[in-house]
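A.B. asks: One structure follows; several queries about it will come next.
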Amino acid sequence: MNKVTVYTTEPCSFCARVKGILKSRGVEYEEINLSKDPAGRIELAQRTGMMTFPQVLVHDELLGGFSEVQAALDSGRLDELLAA
């Protein structure tokens with residue numbers, strides 16, 4: 001299974017929803033909370049091009065935020081990405 005990293009902030013209902021999706025699939029992930037790390041937020045935005053949270057990376061490749069994770073779940077693509 002691929003390494004999954006979830007970048008979050010607080011408060012963030014979409015972050016909670018993404019973590020719920022991953023937990024319901026039995027996916028282990030590393031959570032990095034950038035609530036109090038402005039430099040980390042800037043670095044992440046430069047790396048991914050996204051300013052919003054959550055940001056989900058699968059094997060260091062950006063999957064996206066909540067909408068993209070939900071779409072990947074609905075299409076079956078999430079299971080493929082996690083198993084690759």
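Chain identifiers are assigned as A, B, and so on, following the order in which chains appear in the structure tokens; residues are numbered from 1 within each chain, and ligands are numbered from 1 in order of appearance.
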What's the 12 Å shell around Glu80 of chain A, counting only C-alpha atoms, without same-chain residues fewer than 6 positions away, as a PDB file with N, CA and C atoms, in the first residue's frame?
C.D. replies:
```
ATOM      1  N   MET A   1       0.846  -1.178   0.000  1.00  0.00           N
ATOM      2  CA  MET A   1       0.000   0.000   0.000  1.00  0.00           C
ATOM      3  C   MET A   1       0.887   1.236   0.000  1.00  0.00           C
ATOM      4  N   ASN A   2       0.488   2.240  -0.758  1.00  0.00           N
ATOM      5  CA  ASN A   2       1.254   3.463  -0.869  1.00  0.00           C
ATOM      6  C   ASN A   2       1.188   4.303   0.391  1.00  0.00           C
ATOM      7  N   VAL A  58      -0.529  10.823  -2.126  1.00  0.00           N
ATOM      8  CA  VAL A  58      -0.356   9.372  -2.158  1.00  0.00           C
ATOM      9  C   VAL A  58       0.988   9.121  -2.817  1.00  0.00           C
ATOM     10  N   ALA A  72     -12.510  10.281  -6.252  1.00  0.00           N
ATOM     11  CA  ALA A  72     -11.704   9.068  -6.429  1.00  0.00           C
ATOM     12  C   ALA A  72     -12.361   7.880  -5.727  1.00  0.00           C
ATOM     13  N   LEU A  73     -12.951   8.127  -4.571  1.00  0.00           N
ATOM     14  CA  LEU A  73     -13.672   7.068  -3.860  1.00  0.00           C
ATOM     15  C   LEU A  73     -14.871   6.601  -4.672  1.00  0.00           C
ATOM     16  N   ASP A  74     -15.658   7.553  -5.168  1.00  0.00           N
ATOM     17  CA  ASP A  74     -16.871   7.226  -5.920  1.00  0.00           C
ATOM     18  C   ASP A  74     -16.571   6.456  -7.205  1.00  0.00           C
TER      19      ASP A  74
END
```
A.B. asks: Which of chain A end up as strand (DSSP E or B) when DSSP is run on this backbone - answer as a VMD selection string?
C.D. replies: chain A and resid 4 to 8 30 to 33 55 to 58 61 to 64
A.B. asks: If you run DSSP on the backbone here, which positions in chain A get alpha helix (DSSP H)? Please write them as an MDAnalysis selection string.
C.D. replies: chainID A and resid 13:24 38:48 66:75 77:83
A.B. asks: Can I get the selected residues back with C-alpha atoms, as a compact mmCIF listing (two decimals), in the first residue's frame?
C.D. replies:
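What follows is the written file out.txt:
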```txt
# COMPACT_ATOMS: atom_id res chain seq x y z
CA SER A 13 -14.54 20.11 8.49
CA PHE A 14 -13.23 18.93 5.12
CA CYS A 15 -10.06 17.66 6.83
CA ALA A 16 -12.19 15.65 9.24
CA ARG A 17 -14.23 14.24 6.36
CA VAL A 18 -11.14 13.17 4.39
CA LYS A 19 -9.67 11.48 7.45
CA GLY A 20 -13.02 9.73 7.97
CA ILE A 21 -12.98 8.42 4.40
CA LEU A 22 -9.45 7.10 4.79
CA LYS A 23 -10.19 5.52 8.18
CA SER A 24 -13.33 3.84 6.81
CA PRO A 38 2.87 29.53 8.33
CA ALA A 39 6.23 28.63 6.77
CA GLY A 40 5.03 25.05 6.29
CA ARG A 41 1.86 26.31 4.59
CA ILE A 42 3.91 28.41 2.17
CA GLU A 43 6.25 25.52 1.42
CA LEU A 44 3.31 23.15 0.81
CA ALA A 45 1.54 25.68 -1.45
CA GLN A 46 4.72 26.10 -3.49
CA ARG A 47 5.08 22.34 -3.78
CA THR A 48 1.47 21.49 -4.67
CA PHE A 66 -11.79 16.61 -0.15
CA SER A 67 -13.59 16.88 -3.52
CA GLU A 68 -10.88 14.96 -5.34
CA VAL A 69 -10.70 12.26 -2.66
CA GLN A 70 -14.50 11.88 -2.71
CA ALA A 71 -14.50 11.65 -6.53
CA ALA A 72 -11.70 9.07 -6.43
CA LEU A 73 -13.67 7.07 -3.86
CA ASP A 74 -16.87 7.23 -5.92
CA SER A 75 -15.10 6.12 -9.12
CA ARG A 77 -9.84 5.13 -8.35
CA LEU A 78 -8.94 5.62 -4.68
CA ASP A 79 -8.56 1.88 -4.13
CA GLU A 80 -6.40 1.65 -7.25
CA LEU A 81 -4.13 4.47 -6.11
CA LEU A 82 -3.74 3.00 -2.66
CA ALA A 83 -2.97 -0.47 -3.97
```
A.B. asks: Provide the atom CA of Met50 of chain A to atom CA of Tyr29 of chain A distance in Å, to one decimal place.
C.D. replies: 19.7 Å
A.B. asks: If we count only C-alpha atoms and set the cut-off at 10 Å, which residues sit around Ile32 of chain A, ignoring sequence neighbours fewer than 6 positions away in its own chain? Please answer as a PyMOL selection string.
C.D. replies: chain A and resi 5-9+40+54-55
